[in-house]
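S.K.: Please see the structure below; I have some questions.
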Amino acid sequence: MTEEIIIAGFGGQGVLSMGKILAYSGMMQDKEVSWFPSYGPEMRGGTANVTVIISDERISSPILNQFDTAIILNQQSMDKFENSVKKGGLLIYDPNGITRHPVRTDIDIYTVDAADESARMGSAKVFNMIVLGAFLKLKPLIGPEYMHKGLEKSLPARHHYTIPENEKAIERGKEIIQPKFLLN
Amino acid sequence: MKDIRLMKGNEAFAEGVIRAGCDGYFGYPITPQSEVLEYLAAQRADERTGMVVLQAESEIASIHMVYGGAACGKKVLTSSSSPGISLMQEGISFLAGTELPCLLLNVVRGGPGLGTIQPSQSDYFQAVKGGGHGDYKMIVLAPASVQEMYDFAKLGFDLAFKHRIQVMILSDGAIGQMMEKVELDDQVPRMTNEEIIQKYPWTTTGKTPDRERNIITSLDLNPVRQEIINRKLQEKFKKIQETEVRFERIQCDDAEYLFVAYGSSARICQKAVMLGRARGLKIGLLRPITLFPFPSDELAKLSKQVHGILCVEMSAGQMVEDVRLSVNGAVPVEHYGRLGGIIPAPDEVLHVLEENFINETMISESAAGGERKS
Amino acid sequence: MPDTITREEICQPENMIYCRTPLLTDAPLSYCPGCGHGTAHRLIMEVIEEMNLQADTIGVAPVGCSVLAYDFLDIDMQQAAHGRAPAVATGIKRLMPDKFVFTYQGDGDLAAIGTGETIHACNRGENITIFFVNNGIYGMTGGQMAPTTLPNMKTATSPFGRDVQTMGYPLKITELIAMLPGTYFVSRQSVHTPANVRKAKKAIEKAISYQKLNKGLSFVEIVSNCNSGWKMTPLESNKWMEENMFSFFPLGDIKVPK
């Protein structure tokens with residue numbers, strides 16, 4: 001099993017930390033993992049993206065241009081990465097702020113209303129965990145106990161009190177994800 | 001139980017430095033490697049092992065602080081990225097001239113000038129051919145994973161003291177910034193002053209009545225003696241060329257076509273090898289781990305086996321010169337590089353290899369009635 | 001031959017009234033006759049001997065006339081790149097905090113190419129001692145203009161005199177670093193008369209003892225002559241120094257512990 005994922009959106013949406021939690025959780029489940037970020041000024045409000053690979057085998061290139069799954073959180077990233085999903089692959093996006101929806105027919109496309117849902121949950125901070133939950137619903141690569149360990153490892157101890165809230169958001173993401181055609 | 005963590009390359013290097021029993025770090029912030037100093041500061045490296053961590057006023061000051069510490073026999077290092085390493089060349093030349101052991105990390109970004117903060121491999125010549133003045137070489141290690149960023153801290157210090165030489169870890173922004181799994185070792189204790197005096201009697205530790213004074217200098221105005229000093233240095237480099245070559249062969253045994261790449265380019269080529277093999281192409285990868293000493297003999301051997309070599313670098317073509325020298329015309333050697341901080345993709349480099357060698361071979365095969373071009 | 005005394009008869013311990021410190025080597029000094037460097041070397045080594053610090057001392061030689069200082073001083077020494085001695089000394093002292101670490105630098109080294117390293121080592125309050133020999137000229141490379149060359153003073157690169165409009169003003173770096181909180185003791189001395197030699201030695205003693213007390217950076221400037229570079233006899237150069245240098249670089253303590 002090798003899952004090659006790109007997560008892309010605005011800096012500040014928690015793109016990099018979502019990738020980190022995913023990678024850490026994969027590692028806790030004894031998988032090989034890599035996390036390759038865009039870095040530099042892009043981190044400060046511009047677009048941010050991270051390539052995460054989870055595999056049973058040694059990972060060759062941590063840097064890719066074709067992905068099994070793309071998790072897209074803004075329009076620029078949609079424009080940039082829609083065509084980078086492998087044929088038969090998966091694209092998950094939050095339709096909030098998307099003006100040009102994906103059009104490919106050779107991949108599975110799902111939406112997750114994470115921005116609205118996080119507002120309903122009363123914390124914009126769990127936005128990325130809702131998205132992560134949506135991904136895990138479709139690709140259950142990592143068990144909940146390892147997600148818990150991954151959260152413990154990647155969050156500093158002073159933020160450990162937020163773990164239940166984050167786990168709740170992951171579960172919520174699993175519930176609200178839906179195939180794109182339902183949107184239309 | 002194994003201590004396994006998910007770390008950035010820069011952080012793993014810094015952790016490796018602490019655990020290798022390092023005595024002192026002197027550095028100046030620059031993207032994309034500032035995490036090294038930040039990690040050492042956040043980890044309270046001074047409390048963990050007593051090592052000194054100091055932010056200097058410039059890269060120039062950093063490298064000369066390294067000089068002062070190295071001359072006392074201490075395990076010292078600095079880290080920087082391309083423009084900062086350019087500033088350090090004066091000090092590196094002085095370290096070479098005085099044969100002082102130390103560790104240098106270059107997390108390469110694109111140039112020339114201020115260039116870009118994105119990853120690049122355009123400092124190969126500077127690292128391998130000697131960026132400062134005078135005839136000298138450093139051992140240059142090229143990590144291709146976060147684990148190697150960690151491992152090469154200790155390996156680097158070991159080689160530096162074994163040969164009294166500067167060891168440069170030539171990394172890049174991709175390896176420095178990405179996170180992978182790292183397995184950590186136990187802490188190596190720092191050496192005491194008494195142990196240093198015992199093991200490295202050449203160090204400036206204060207002249208005691210039982211020995212002559214120790215002088216660390218690269219100056220000798222007498223040309224006859226200066227030539228002897230230089231010849232001695234060259235002998236050392238020759239010995240290192242003979243004994244310290246490191247490389248990794250990936251699917252080379254039956255390879256008909258070969259990638260040669262180091263660092264993050266090697267990871268990309270490794271994926272290209274997998275993609276190519278899935279399509280029935282016999283492709284291998286030779287990954288130099290030491291860039292000096294360069295694995296010339298291994299390449300010469302492989303040149304008798306393969307039909308073409310593609311050297312992939314994030315530069316306009318630097319290591320390819322050493323590949324061509326090693327192969328010495330035995331087989332066609334082509335170069336493929338992306339510049340300015342752009343990282344090539346696996347299918348991209350595979351396509352270039354096919355275009356250069358395989359498609360051409362197929363054309364000539366049909367032209368020559370199926371006979372293989374060699 | 002009762003009327004003549006041999007050299008051996010004179011050189012008896014009971015006749016000894018002065019000798020050089022054993023911490024100076026037998027190597028003949030490479031400095032021009034009349035230059036102040038030899039006296040400055042001697043004073044520093046005398047103090048190190050008197051304070052019994054030979055085994056604890058690591059010195060840093062600069063680039064300039066004193067580039068070969070390690071040939072004359074019987075202590076462990078490192079030769080630094082031009083201007084970098086304060087950074088080198090920082091590296092040594094941070095890793096060997098129990099040692100006595102000093103730099104010995106000229107004006108070009110300390111106040112031109114090494115200004116950054118000088119100011120930042122001073123500002124960090126490194127526990128090192130800097131000896132700064134200021135003769136207003138680049139001696140070793142043949143008498144070019146230095147950062148401390150006086151206005152209108154002629155040098156090889158200011159052959160019609162230093163024009164401050166185009167070449168800038170002499171830099172009073174000692175006053176400058178005295179303003180920094182990291183410096184503890186800053187003094188300016190000379191070694192051209194016996195009285196000045198005694199004062200200079202006192203300042204050197206203080207500078208070294210303050211380092212032993214971990215008080216921060218101590219700095220002793222020695223205003224000196226360069227009879228070759230100034231194209232004068234040694235006596236003329238000392239007179240010229242008194243008449244011209246001391247008014248711009250007044251002697252005495254600049255910063256003393258409160």
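We label chains A, B, ... in the order they appear in the structure tokens, count residues from 1 in each chain, and number ligands from 1 in the order shown.
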Set the distance at 10 Å and use only C-alpha atoms: which residues neighbour range 49-56 of chain C once local chain neighbours fewer than 2 positions away are removed? I'd like the list as a count of residues only.
M.R.: 28
S.K.: Identify all chain B residues at most 9 Å from chain C by counting only C-alpha atoms; ligands do not count. Present them as a ChimeraX atom specification.
M.R.: /B:23-24,26,51-52,56-58,60-72,74,90-91,94,193,203-209,212-219
S.K.: Next, write the just-selected residues to a file, as a compact mmCIF listing (two decimals), in the first residue's frame, keeping N, CA and C atoms as the atom set.
M.R.:
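Saved result, part_38.txt, follows:
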# COMPACT_ATOMS: atom_id res chain seq x y z
N ASP B 23 30.55 19.90 20.81
CA ASP B 23 30.90 20.88 21.85
C ASP B 23 30.37 22.27 21.57
N GLY B 24 30.24 22.62 20.28
CA GLY B 24 29.84 24.00 20.02
C GLY B 24 29.25 24.21 18.64
N PHE B 26 28.07 27.48 16.14
CA PHE B 26 28.09 28.92 15.91
C PHE B 26 27.41 29.15 14.56
N MET B 51 26.84 21.66 25.60
CA MET B 51 27.42 22.23 24.37
C MET B 51 27.08 23.72 24.29
N VAL B 52 27.97 24.45 23.61
CA VAL B 52 27.79 25.89 23.44
C VAL B 52 26.95 26.13 22.18
N ALA B 56 25.96 34.08 16.05
CA ALA B 56 27.01 35.04 15.77
C ALA B 56 26.44 36.24 15.01
N GLU B 57 27.29 37.25 14.81
CA GLU B 57 26.83 38.47 14.13
C GLU B 57 26.85 38.31 12.61
N SER B 58 27.46 37.26 12.11
CA SER B 58 27.52 37.06 10.66
C SER B 58 28.02 35.64 10.39
N ILE B 60 30.55 35.13 8.60
CA ILE B 60 32.01 35.24 8.67
C ILE B 60 32.46 35.00 10.10
N ALA B 61 31.81 35.66 11.05
CA ALA B 61 32.17 35.45 12.44
C ALA B 61 31.93 33.99 12.83
N SER B 62 30.83 33.41 12.38
CA SER B 62 30.52 32.02 12.74
C SER B 62 31.66 31.09 12.37
N ILE B 63 32.13 31.20 11.15
CA ILE B 63 33.13 30.24 10.67
C ILE B 63 34.45 30.44 11.42
N HIS B 64 34.74 31.68 11.82
CA HIS B 64 35.99 31.90 12.56
C HIS B 64 35.86 31.50 14.03
N MET B 65 34.65 31.53 14.56
CA MET B 65 34.43 30.95 15.89
C MET B 65 34.65 29.44 15.82
N VAL B 66 34.18 28.84 14.72
CA VAL B 66 34.42 27.41 14.50
C VAL B 66 35.93 27.14 14.48
N TYR B 67 36.65 28.01 13.80
CA TYR B 67 38.11 27.87 13.70
C TYR B 67 38.74 27.86 15.10
N GLY B 68 38.35 28.84 15.91
CA GLY B 68 38.91 28.94 17.26
C GLY B 68 38.63 27.69 18.07
N GLY B 69 37.40 27.22 18.01
CA GLY B 69 37.03 26.02 18.77
C GLY B 69 37.70 24.77 18.25
N ALA B 70 37.75 24.64 16.91
CA ALA B 70 38.35 23.44 16.30
C ALA B 70 39.83 23.35 16.65
N ALA B 71 40.49 24.49 16.74
CA ALA B 71 41.92 24.49 17.07
C ALA B 71 42.16 24.05 18.51
N CYS B 72 41.12 24.06 19.32
CA CYS B 72 41.22 23.54 20.69
C CYS B 72 40.81 22.06 20.75
N LYS B 74 37.95 20.80 19.81
CA LYS B 74 36.53 20.62 20.14
C LYS B 74 35.75 20.22 18.88
N GLU B 90 36.33 32.27 3.15
CA GLU B 90 37.61 32.69 3.73
C GLU B 90 37.99 31.76 4.88
N GLY B 91 37.03 31.61 5.80
CA GLY B 91 37.30 30.78 6.98
C GLY B 91 37.52 29.33 6.62
N PHE B 94 40.99 28.86 5.53
CA PHE B 94 41.90 28.87 6.68
C PHE B 94 41.82 27.54 7.45
N ASN B 193 38.49 17.85 28.45
CA ASN B 193 39.74 18.49 28.00
C ASN B 193 40.91 17.52 28.11
N THR B 203 46.55 20.25 19.62
CA THR B 203 45.58 21.32 19.88
C THR B 203 46.13 22.41 20.80
N THR B 204 45.58 23.60 20.67
CA THR B 204 45.97 24.71 21.55
C THR B 204 45.12 24.64 22.82
N THR B 205 45.69 24.06 23.83
CA THR B 205 44.97 23.88 25.09
C THR B 205 45.73 24.52 26.25
N GLY B 206 46.76 25.29 25.91
CA GLY B 206 47.64 25.88 26.94
C GLY B 206 48.94 25.11 27.00
N LYS B 207 50.07 25.83 26.83
CA LYS B 207 51.39 25.15 26.80
C LYS B 207 51.82 24.73 28.19
N THR B 208 52.02 23.45 28.34
CA THR B 208 52.48 22.91 29.62
C THR B 208 53.97 22.59 29.51
N PRO B 209 54.67 22.47 30.64
CA PRO B 209 56.13 22.30 30.57
C PRO B 209 56.56 21.04 29.84
N GLU B 212 56.37 21.34 23.66
CA GLU B 212 56.58 22.62 22.99
C GLU B 212 55.23 23.31 22.80
N ARG B 213 55.27 24.62 22.52
CA ARG B 213 54.01 25.32 22.29
C ARG B 213 53.36 24.83 20.99
N ASN B 214 52.05 24.82 20.98
CA ASN B 214 51.32 24.45 19.77
C ASN B 214 50.88 25.70 19.04
N ILE B 215 51.10 25.70 17.74
CA ILE B 215 50.73 26.86 16.92
C ILE B 215 49.83 26.37 15.79
N ILE B 216 48.71 27.02 15.66
CA ILE B 216 47.79 26.71 14.56
C ILE B 216 47.90 27.85 13.56
N THR B 217 48.54 27.57 12.45
CA THR B 217 48.69 28.62 11.43
C THR B 217 48.74 28.00 10.05
N SER B 218 48.31 28.76 9.06
CA SER B 218 48.43 28.30 7.67
C SER B 218 49.52 29.08 6.95
N LEU B 219 50.22 29.93 7.70
CA LEU B 219 51.22 30.82 7.07
C LEU B 219 52.60 30.17 7.08
S.K.: Please run DSSP on the backbone and report, as a list in words, all residues within range 70-117 of chain A that come out as strand (DSSP E or B).
M.R.: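 Filtering range 70-117 of chain A down to strand (DSSP E or B) leaves Ala70, Ile71, Ile72, Val85, Lys86, Lys87, Gly88, Gly89, Leu90, Leu91, Ile92, Tyr93, Asp108, Ile109, Tyr110 and Thr111 of chain A.
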S.K.: Sorted by chain and rising residue number, list the residues of chain A at most 9 Å from chain B (counting only C-alpha atoms), each with its closest atom pair and distance in Å to one decimal, as a tab-separated table.
M.R.:
residue	atom	partner	partner_atom	distance
A:Lys20	CA	B:Met179	CA	8.3
A:Ala23	CA	B:Leu6	CA	8.0
A:Tyr24	CA	B:Leu6	CA	6.4
A:Met27	CA	B:Lys181	CA	7.2
A:Glu32	CA	B:Lys181	CA	7.2
A:Val33	CA	B:Glu180	CA	6.0
A:Ser34	CA	B:Glu180	CA	4.7
A:Trp35	CA	B:Met179	CA	4.8
A:Phe36	CA	B:Met178	CA	4.4
A:Pro37	CA	B:Met178	CA	6.3
A:Ser38	CA	B:Gln177	CA	8.6
A:Tyr39	CA	B:Gln177	CA	7.6
A:Gly40	CA	B:Ile117	CA	7.0
A:Ile59	CA	B:Lys271	CA	8.5
A:Ser60	CA	B:Lys271	CA	5.2
A:Ser61	CA	B:Arg267	CA	4.5
A:Pro62	CA	B:Arg267	CA	7.2
A:Ile63	CA	B:Ile268	CA	6.9
A:Leu64	CA	B:Ala345	CA	5.8
A:Asn65	CA	B:Ala345	CA	6.0
A:Gln66	CA	B:Ala345	CA	8.9
A:Lys153	CA	B:Arg5	CA	8.9
A:Ser154	CA	B:Leu6	CA	8.7
S.K.: Going by DSSP on the backbone, which bits of range 74-182 of chain C are helix (DSSP H, G or I)? Write them as an mmCIF file with C-alpha atoms, in the first residue's frame, please.
M.R.:
data_model
loop_
_atom_site.group_PDB
_atom_site.id
_atom_site.type_symbol
_atom_site.label_atom_id
_atom_site.label_comp_id
_atom_site.auth_asym_id
_atom_site.auth_seq_id
_atom_site.Cartn_x
_atom_site.Cartn_y
_atom_site.Cartn_z
ATOM 1 C CA ALA C 85 40.681 37.443 15.788
ATOM 2 C CA PRO C 86 37.797 38.470 18.107
ATOM 3 C CA ALA C 87 35.572 35.783 16.529
ATOM 4 C CA VAL C 88 38.337 33.190 16.820
ATOM 5 C CA ALA C 89 38.904 34.194 20.448
ATOM 6 C CA THR C 90 35.157 33.944 21.076
ATOM 7 C CA GLY C 91 35.201 30.375 19.778
ATOM 8 C CA ILE C 92 38.131 29.506 22.034
ATOM 9 C CA LYS C 93 36.850 31.183 25.179
ATOM 10 C CA ARG C 94 33.306 29.816 24.896
ATOM 11 C CA LEU C 95 34.673 26.291 24.645
ATOM 12 C CA ASP C 107 44.545 49.089 13.555
ATOM 13 C CA GLY C 108 43.744 47.767 10.081
ATOM 14 C CA ASP C 109 42.880 44.374 11.483
ATOM 15 C CA LEU C 110 40.777 45.586 14.398
ATOM 16 C CA ALA C 111 39.249 48.832 13.162
ATOM 17 C CA ALA C 112 38.834 48.290 9.401
ATOM 18 C CA ILE C 113 38.314 44.762 8.136
ATOM 19 C CA THR C 115 35.226 46.176 12.873
ATOM 20 C CA GLY C 116 32.168 43.926 12.938
ATOM 21 C CA GLU C 117 33.905 41.139 14.832
ATOM 22 C CA THR C 118 35.463 43.658 17.248
ATOM 23 C CA ILE C 119 32.235 45.475 18.074
ATOM 24 C CA HIS C 120 30.162 42.328 18.464
ATOM 25 C CA ALA C 121 32.694 40.517 20.632
ATOM 26 C CA CYS C 122 32.814 43.653 22.798
ATOM 27 C CA ASN C 123 29.050 43.963 22.833
ATOM 28 C CA ARG C 124 28.544 40.344 23.840
ATOM 29 C CA VAL C 164 38.696 63.551 5.206
ATOM 30 C CA GLN C 165 36.216 64.761 2.597
ATOM 31 C CA THR C 166 36.941 61.786 0.387
ATOM 32 C CA MET C 167 38.715 59.305 2.664
ATOM 33 C CA ILE C 173 37.163 52.708 17.872
ATOM 34 C CA THR C 174 38.390 52.521 21.446
ATOM 35 C CA GLU C 175 36.011 55.291 22.553
ATOM 36 C CA LEU C 176 33.309 53.555 20.520
ATOM 37 C CA ILE C 177 33.647 50.154 22.169
ATOM 38 C CA ALA C 178 33.967 51.784 25.602
#
S.K.: What lies within 12 Å of range 102-104 of chain A using only C-alpha atoms, ignoring chain neighbours under 2 positions off, as JSON, numbers by chain?
M.R.: {"A": [70, 72, 74, 75, 77, 78, 79, 80, 81, 82, 83, 84, 85, 86, 87, 88, 89, 90, 91, 92, 93, 94, 95, 98, 99, 100, 106, 107, 108, 109, 110, 111, 180, 181, 184]}
S.K.: Pull N, CA and C atoms from the residues just selected and write them as a JSON list (two decimals), in the first residue's frame.
M.R.:
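part25.json written:
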[["chain", "number", "residue", "atom", "x", "y", "z"],
["A", 70, "ALA", "N", -6.00, 14.33, -3.79],
["A", 70, "ALA", "CA", -5.75, 15.76, -3.61],
["A", 70, "ALA", "C", -6.82, 16.31, -2.68],
["A", 72, "ILE", "N", -8.18, 19.78, -1.49],
["A", 72, "ILE", "CA", -8.07, 21.13, -2.05],
["A", 72, "ILE", "C", -8.92, 22.09, -1.22],
["A", 74, "ASN", "N", -8.64, 25.80, -1.56],
["A", 74, "ASN", "CA", -8.92, 27.12, -2.14],
["A", 74, "ASN", "C", -8.87, 27.05, -3.66],
["A", 75, "GLN", "N", -9.28, 28.13, -4.31],
["A", 75, "GLN", "CA", -9.42, 28.10, -5.77],
["A", 75, "GLN", "C", -8.08, 27.95, -6.48],
["A", 77, "SER", "N", -5.48, 26.47, -5.52],
["A", 77, "SER", "CA", -5.00, 25.09, -5.42],
["A", 77, "SER", "C", -5.81, 24.18, -6.34],
["A", 78, "MET", "N", -7.09, 24.50, -6.48],
["A", 78, "MET", "CA", -7.92, 23.71, -7.41],
["A", 78, "MET", "C", -7.36, 23.85, -8.83],
["A", 79, "ASP", "N", -7.06, 25.09, -9.20],
["A", 79, "ASP", "CA", -6.53, 25.33, -10.53],
["A", 79, "ASP", "C", -5.20, 24.61, -10.74],
["A", 80, "LYS", "N", -4.43, 24.57, -9.67],
["A", 80, "LYS", "CA", -3.08, 24.03, -9.79],
["A", 80, "LYS", "C", -3.06, 22.49, -9.76],
["A", 81, "PHE", "N", -3.95, 21.91, -8.94],
["A", 81, "PHE", "CA", -3.77, 20.47, -8.66],
["A", 81, "PHE", "C", -4.87, 19.55, -9.20],
["A", 82, "GLU", "N", -5.94, 20.10, -9.75],
["A", 82, "GLU", "CA", -7.00, 19.20, -10.24],
["A", 82, "GLU", "C", -6.45, 18.18, -11.23],
["A", 83, "ASN", "N", -5.58, 18.67, -12.10],
["A", 83, "ASN", "CA", -5.06, 17.76, -13.12],
["A", 83, "ASN", "C", -3.89, 16.91, -12.63],
["A", 84, "SER", "N", -3.51, 17.08, -11.36],
["A", 84, "SER", "CA", -2.40, 16.27, -10.82],
["A", 84, "SER", "C", -2.90, 15.00, -10.14],
["A", 85, "VAL", "N", -4.21, 14.81, -10.11],
["A", 85, "VAL", "CA", -4.74, 13.59, -9.51],
["A", 85, "VAL", "C", -4.64, 12.47, -10.55],
["A", 86, "LYS", "N", -4.10, 11.33, -10.08],
["A", 86, "LYS", "CA", -3.96, 10.18, -10.99],
["A", 86, "LYS", "C", -5.34, 9.74, -11.46],
["A", 87, "LYS", "N", -5.40, 9.18, -12.64],
["A", 87, "LYS", "CA", -6.65, 8.61, -13.16],
["A", 87, "LYS", "C", -7.18, 7.60, -12.14],
["A", 88, "GLY", "N", -8.44, 7.72, -11.82],
["A", 88, "GLY", "CA", -9.03, 6.82, -10.82],
["A", 88, "GLY", "C", -8.78, 7.27, -9.40],
["A", 89, "GLY", "N", -8.13, 8.42, -9.25],
["A", 89, "GLY", "CA", -7.79, 8.92, -7.92],
["A", 89, "GLY", "C", -8.94, 9.68, -7.28],
["A", 90, "LEU", "N", -8.61, 10.37, -6.20],
["A", 90, "LEU", "CA", -9.64, 11.00, -5.38],
["A", 90, "LEU", "C", -9.33, 12.49, -5.21],
["A", 91, "LEU", "N", -10.39, 13.31, -5.34],
["A", 91, "LEU", "CA", -10.25, 14.73, -5.05],
["A", 91, "LEU", "C", -11.29, 15.11, -4.02],
["A", 92, "ILE", "N", -10.85, 15.67, -2.90],
["A", 92, "ILE", "CA", -11.76, 16.13, -1.86],
["A", 92, "ILE", "C", -11.59, 17.64, -1.76],
["A", 93, "TYR", "N", -12.70, 18.38, -1.72],
["A", 93, "TYR", "CA", -12.54, 19.83, -1.56],
["A", 93, "TYR", "C", -13.66, 20.42, -0.74],
["A", 94, "ASP", "N", -13.33, 21.60, -0.18],
["A", 94, "ASP", "CA", -14.35, 22.36, 0.54],
["A", 94, "ASP", "C", -14.91, 23.37, -0.45],
["A", 95, "PRO", "N", -16.20, 23.30, -0.79],
["A", 95, "PRO", "CA", -16.76, 24.17, -1.83],
["A", 95, "PRO", "C", -16.81, 25.64, -1.42],
["A", 98, "ILE", "N", -15.03, 28.29, -3.53],
["A", 98, "ILE", "CA", -14.65, 27.74, -4.84],
["A", 98, "ILE", "C", -15.62, 28.27, -5.89],
["A", 99, "THR", "N", -15.09, 28.90, -6.90],
["A", 99, "THR", "CA", -15.95, 29.46, -7.95],
["A", 99, "THR", "C", -15.93, 28.58, -9.19],
["A", 100, "ARG", "N", -14.84, 27.87, -9.38],
["A", 100, "ARG", "CA", -14.75, 26.96, -10.54],
["A", 100, "ARG", "C", -14.60, 25.54, -10.00],
["A", 106, "ASP", "N", -12.78, 11.33, -14.67],
["A", 106, "ASP", "CA", -12.04, 10.07, -14.51],
["A", 106, "ASP", "C", -11.51, 9.90, -13.08],
["A", 107, "ILE", "N", -11.97, 10.73, -12.17],
["A", 107, "ILE", "CA", -11.58, 10.61, -10.76],
["A", 107, "ILE", "C", -12.83, 10.72, -9.89],
["A", 108, "ASP", "N", -12.70, 10.27, -8.63],
["A", 108, "ASP", "CA", -13.81, 10.44, -7.69],
["A", 108, "ASP", "C", -13.68, 11.80, -7.03],
["A", 109, "ILE", "N", -14.79, 12.53, -6.99],
["A", 109, "ILE", "CA", -14.75, 13.87, -6.41],
["A", 109, "ILE", "C", -15.76, 13.96, -5.26],
["A", 110, "TYR", "N", -15.28, 14.42, -4.12],
["A", 110, "TYR", "CA", -16.12, 14.54, -2.93],
["A", 110, "TYR", "C", -15.99, 15.96, -2.37],
["A", 111, "THR", "N", -17.03, 16.39, -1.69],
["A", 111, "THR", "CA", -16.95, 17.69, -1.02],
["A", 111, "THR", "C", -17.12, 17.51, 0.48],
["A", 180, "LYS", "N", -19.60, 14.66, -4.96],
["A", 180, "LYS", "CA", -19.83, 15.99, -5.52],
["A", 180, "LYS", "C", -21.18, 16.12, -6.21],
["A", 181, "PHE", "N", -21.65, 15.03, -6.86],
["A", 181, "PHE", "CA", -22.88, 15.19, -7.66],
["A", 181, "PHE", "C", -24.06, 15.61, -6.80],
["A", 184, "ASN", "N", -24.78, 19.34, -6.94],
["A", 184, "ASN", "CA", -25.34, 19.99, -8.13],
["A", 184, "ASN", "C", -26.87, 19.77, -8.26]]
S.K.: Which residue, C:Ser190, C:Ser30, C:Thr4, C:Thr25, has the smallest gap to Ser66 in chain C when you use only C-alpha atoms?
M.R.: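 Of the candidates, the smallest distance to Ser66 in chain C is held by C:Ser30.
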S.K.: What's the separation between CA of Pro164 in chain A and CA of Gly97 in chain A, in Å to one decimal place?
M.R.: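 Between these atoms lies a distance of 28.4 Å.
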S.K.: May I ask for the distance between CA of Gly173 in chain A and CA of Leu16 in chain A, given in Å to one decimal place?
M.R.: 18.0 Å
S.K.: Show which residues sit within 7 Å of Asn227 in chain C, as a PDB file with C-alpha atoms, in the first residue's frame. Count only C-alpha atoms, and ignore same-chain residues fewer than 4 positions away.
M.R.:
ATOM      1  CA  GLY C  34      62.496  51.422  17.036  1.00  0.00           C
ATOM      2  CA  CYS C  35      59.004  49.909  16.676  1.00  0.00           C
ATOM      3  CA  LYS C 231      59.455  57.540   7.093  1.00  0.00           C
ATOM      4  CA  MET C 232      61.182  58.934  10.194  1.00  0.00           C
ATOM      5  CA  THR C 233      63.928  57.916  12.554  1.00  0.00           C
ATOM      6  CA  PRO C 234      62.686  56.162  15.698  1.00  0.00           C
ATOM      7  CA  SER C 237      58.638  59.158  15.125  1.00  0.00           C
TER       8      SER C 237
END
S.K.: Would you kindly return, as an MDAnalysis selection string, each protein, DNA or RNA residue with an atom no farther than 12 Å from any atom of Leu40 in chain B, considering only C-alpha atoms and excluding same-chain residues fewer than 5 positions away?
M.R.: chainID B and resid 10:19 22 24:27 34:35 45:55 78:79
S.K.: List the spatial neighbours of Thr47 in chain A as an mmCIF file with N, CA and C atoms, in the first residue's frame - criterion: any atom at most 9 Å away, only C-alpha atoms, same-chain residues fewer than 4 positions off excluded.
M.R.:
data_model
loop_
_atom_site.group_PDB
_atom_site.id
_atom_site.type_symbol
_atom_site.label_atom_id
_atom_site.label_comp_id
_atom_site.auth_asym_id
_atom_site.auth_seq_id
_atom_site.Cartn_x
_atom_site.Cartn_y
_atom_site.Cartn_z
ATOM 1 N N ALA A 8 -3.638 21.131 -0.155
ATOM 2 C CA ALA A 8 -3.283 22.480 -0.609
ATOM 3 C C ALA A 8 -4.375 23.472 -0.262
ATOM 4 N N GLY A 9 -3.968 24.654 0.162
ATOM 5 C CA GLY A 9 -4.929 25.696 0.497
ATOM 6 C C GLY A 9 -4.207 26.981 0.824
ATOM 7 N N PHE A 10 -4.842 27.804 1.671
ATOM 8 C CA PHE A 10 -4.203 29.033 2.131
ATOM 9 C C PHE A 10 -3.325 28.739 3.344
ATOM 10 N N GLY A 11 -2.256 29.556 3.492
ATOM 11 C CA GLY A 11 -1.528 29.521 4.750
ATOM 12 C C GLY A 11 -2.492 29.941 5.850
ATOM 13 N N SER A 38 5.572 23.067 0.916
ATOM 14 C CA SER A 38 6.045 24.295 0.302
ATOM 15 C C SER A 38 6.514 25.154 1.467
ATOM 16 N N GLU A 42 5.484 31.750 1.207
ATOM 17 C CA GLU A 42 4.179 31.165 0.973
ATOM 18 C C GLU A 42 3.466 30.836 2.279
ATOM 19 N N MET A 43 4.252 30.549 3.316
ATOM 20 C CA MET A 43 3.651 30.190 4.599
ATOM 21 C C MET A 43 2.858 31.354 5.177
ATOM 22 N N ASN A 74 -8.636 25.803 -1.557
ATOM 23 C CA ASN A 74 -8.925 27.121 -2.137
ATOM 24 C C ASN A 74 -8.871 27.045 -3.661
ATOM 25 N N GLN A 76 -7.055 28.695 -5.964
ATOM 26 C CA GLN A 76 -5.739 28.590 -6.617
ATOM 27 C C GLN A 76 -5.249 27.149 -6.634
ATOM 28 N N SER A 77 -5.477 26.466 -5.520
ATOM 29 C CA SER A 77 -4.997 25.089 -5.420
ATOM 30 C C SER A 77 -5.811 24.180 -6.340
#
S.K.: Just the residues within 10 Å of Gly132 in chain B, please, counting only C-alpha atoms, with nothing from its chain fewer than 3 positions along; format it as number ranges by chain.
M.R.: B: 86-94, 96, 126-127, 129, 135-137
S.K.: Quick one: distance from CA of Ile137 in chain C to CA of Lys201 in chain C in Å, one decimal?
M.R.: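 Taking CA of Ile137 in chain C and CA of Lys201 in chain C, their separation equals 23.7 Å.
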